[in-house]
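The structure appears right after this line, and notes come after that.
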Amino acid sequence: MTLFGLFGLSGCGPEREVSRIESSPASREVNNPELGSPAVDPLSFGPGDKDSPTWSPSGGRVAFVVDGYVSDKSLSAEGSTRRTVRGLGAERVTWSVSGERLVILGESKDPGSEGGAHPHPLYVTRGDEGQLKIESLTEDALAMSAPSGDGPLVAALESGPEESRISAVDVGSGEIEAYPGSIEGGVAEISVAPGGGRVLATVISADGSGSRRYEIHTFDLETGDSRRVARLPEDQEIFGAPQQTSDGIYYVAGARNTEDGAQEDIQYTLYRLPEGSSSPEPASGVGQDFIASSIKVSPDGGRLALLGRRESGSATNLYVLDLSDGNLYSATSNEDMEIKTGTDSLDWHPDGGSVAVVARSDVSEPEVYSGSAAALLAPFYNVYEVPVDDLREPE
């Protein structure tokens, strides 16, 4: 293990006086950063490309990635605290089960290699408050998932050219212990089922012809039993990690990227895989024209938070699919904000009462604003808390 770091503490910074860059004679108002509801609460402020919001186990803090480093913020404090050095290349962050440490997935060393499941460095924060220290845990992490309840943090590690191992990460000691069994293929994303005991994995595996296919595997943490439960057509890909719910497995999939690597406007669909079935079906309740992106199951397994659009051309919003009644509820009524829709751009509060999302105002011209940190909120990606209890009638 390697220990390295720097000392320092960073918050939002002082207020600044700057001027607007005029790109045309016409003036433009700053969009309302409330995502269509006065109950939505901003959790971060100021410049930076933020992503991967994650609630602490107590729900009193939220951590996130900003420009490749990690910050976290207490809900009772105004500013945020930088937890790592700049330039770390952080892509994803989550809390240890104790809430004392942050575990960070760094950027892959070979993102352009064949396949799609690439090894990443895995770090954990160390030191007292104000000490920007991290410890390297491994260079072979493919994916990680936050603990479920009192369980350990779970990571998928590369163990061979076409093999992955699911492992428990002891954040306190830094030890990584593989569970029995393995998964055939490269794991791209994982999620731990509510209550623990089971891992769902997005797997990229070579078929007999040498081409690569996206699959969904389940992995039993007690027995090490790995089972492929779905295999997508060759021209389809899975977006993010499958989610285990009380109503089966849900996942998002759509057409694969073009061969030259250009990103098309892929219209992803939400699918449901009933328990014990190998035949996925488009999820009911969201509507035939719904375009899905990020999804995450609630802590109790009974609801699914999803980011998406009701139809092509409409604004992206946060929705909650209640699996007990099959209805889709709108948590935001956004028209002016750009909500980030990455594979790790939302997270449930531990009590299930709210969801953290990342958004910014839909800015099409370069602008600089003067004033307080709150006034600097709209033009940059920031983290918002969206209440999801007592939602209005389903659409």
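Labels used: A, B, ... for chains in the order of the structure tokens, numbers from 1 for residues in each chain, and numbers from 1 for ligands as shown.
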Inset, instruction - Run DSSP on the backbone and give me the residues of segment 77-218 of chain A it puts in strand (DSSP E), as a ChimeraX atom specification. - result: /A:81-82,90-95,102-106,120-126,131-145,153-160,163-169,176-178,183-184,186-192,198-206,212-218
Legend entry - Nearby residues (only C-alpha atoms) at most 6 Å from Arg83 of chain A, same-chain spacing under 3 positions excluded, as a count of residues only: 3
With 6 Å as the cut-off and only C-alpha atoms counted, what is the closest atom pair between each nearby residue of segment 134-189 of chain A and segment 202-218 of chain A? Distances in Å to one decimal, ordered by chain and number, as JSON lines.
```
{"residue": "A:Gly185", "atom": "CA", "partner": "A:Ser205", "partner_atom": "CA", "distance": 4.5}
{"residue": "A:Gly186", "atom": "CA", "partner": "A:Ile204", "partner_atom": "CA", "distance": 5.2}
{"residue": "A:Val187", "atom": "CA", "partner": "A:Val203", "partner_atom": "CA", "distance": 4.5}
{"residue": "A:Ala188", "atom": "CA", "partner": "A:Thr202", "partner_atom": "CA", "distance": 5.5}
{"residue": "A:Glu189", "atom": "CA", "partner": "A:Thr202", "partner_atom": "CA", "distance": 5.1}
```
Just the selected residues (C-alpha atoms), exported as a PDB file, in the first residue's frame, please.
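To be explicit, this is the file written out as result.pdb:
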```
ATOM      1  CA  GLY A 185     -15.956 -11.677 -18.192  1.00  0.00           C
ATOM      2  CA  GLY A 186     -15.045  -8.117 -17.292  1.00  0.00           C
ATOM      3  CA  VAL A 187     -17.249  -6.345 -14.762  1.00  0.00           C
ATOM      4  CA  ALA A 188     -18.091  -2.791 -15.806  1.00  0.00           C
ATOM      5  CA  GLU A 189     -20.537  -1.840 -12.999  1.00  0.00           C
TER       6      GLU A 189
END
```
Please list as a compact mmCIF listing (two decimals) with N, CA, C and O atoms, in the first residue's frame every residue within 8 Å of Ile183 of chain A, counting only C-alpha atoms and excluding residues in the same chain fewer than 4 positions away.
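In the end it all went to result.txt:
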```txt
# COMPACT_ATOMS: atom_id res chain seq x y z
N GLU A 163 -11.81 -12.64 -16.54
CA GLU A 163 -12.32 -13.08 -15.24
C GLU A 163 -12.27 -11.93 -14.25
O GLU A 163 -11.34 -11.13 -14.24
N SER A 164 -13.30 -11.86 -13.40
CA SER A 164 -13.39 -10.84 -12.37
C SER A 164 -13.70 -11.50 -11.03
O SER A 164 -14.40 -12.52 -10.98
N ARG A 165 -13.18 -10.92 -9.96
CA ARG A 165 -13.46 -11.40 -8.61
C ARG A 165 -14.20 -10.34 -7.83
O ARG A 165 -13.87 -9.15 -7.89
N ILE A 166 -15.23 -10.75 -7.10
CA ILE A 166 -15.96 -9.85 -6.21
C ILE A 166 -15.29 -9.93 -4.84
O ILE A 166 -15.06 -11.02 -4.31
N VAL A 187 -16.16 -7.07 -15.43
CA VAL A 187 -17.25 -6.34 -14.76
C VAL A 187 -17.09 -4.84 -15.01
O VAL A 187 -16.03 -4.27 -14.73
N HIS A 217 -25.15 -10.34 -14.57
CA HIS A 217 -24.85 -11.48 -13.72
C HIS A 217 -25.29 -11.17 -12.29
O HIS A 217 -25.23 -10.02 -11.85
N PHE A 219 -24.43 -12.41 -8.26
CA PHE A 219 -23.35 -13.06 -7.51
C PHE A 219 -23.76 -13.15 -6.06
O PHE A 219 -24.06 -12.14 -5.42
N SER A 226 -22.15 -17.60 -9.12
CA SER A 226 -22.33 -16.56 -10.14
C SER A 226 -23.24 -17.11 -11.23
O SER A 226 -23.03 -18.22 -11.71
```
Neighbouring residues of segment 54-66 of chain A were defined as those with any atom within 6 Å, considering only C-alpha atoms; residues of the same chain fewer than 6 positions away were excluded. Please report them as a compact mmCIF listing (two decimals) with N, CA and C atoms, in the first residue's frame.
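Final output, part-v7.txt:
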```
# COMPACT_ATOMS: atom_id res chain seq x y z
N GLY A 48 -17.09 24.43 -11.00
CA GLY A 48 -16.59 23.06 -10.99
C GLY A 48 -17.57 22.08 -11.61
N ASP A 72 -16.43 17.06 0.51
CA ASP A 72 -17.66 16.68 1.20
C ASP A 72 -18.16 17.84 2.02
N LYS A 73 -19.45 17.81 2.30
CA LYS A 73 -20.10 18.93 2.97
C LYS A 73 -21.05 18.43 4.04
N SER A 74 -20.95 19.03 5.21
CA SER A 74 -21.92 18.78 6.26
C SER A 74 -23.17 19.59 5.97
N LEU A 75 -24.34 18.98 6.18
CA LEU A 75 -25.58 19.70 5.95
C LEU A 75 -25.77 20.85 6.93
N THR A 94 -17.58 7.01 -2.60
CA THR A 94 -18.62 6.53 -1.71
C THR A 94 -18.07 6.48 -0.29
N TRP A 95 -18.94 6.36 0.70
CA TRP A 95 -18.54 6.35 2.11
C TRP A 95 -18.29 4.94 2.60
N GLY A 99 -18.81 5.78 8.03
CA GLY A 99 -18.95 7.20 7.73
C GLY A 99 -17.72 8.01 8.04
N ASP A 347 -28.18 9.74 -5.90
CA ASP A 347 -28.03 8.87 -4.74
C ASP A 347 -29.19 9.10 -3.78
N HIS A 349 -30.93 9.36 -0.15
CA HIS A 349 -30.64 9.60 1.26
C HIS A 349 -30.92 8.31 2.03
N PRO A 350 -30.13 8.00 3.07
CA PRO A 350 -30.33 6.73 3.80
C PRO A 350 -31.74 6.53 4.34
```
Legend entry - Coordinates-based distance that separates atom CA of Gly248 of chain A from atom CA of Glu275 of chain A (Å, one decimal): 5.0 Å
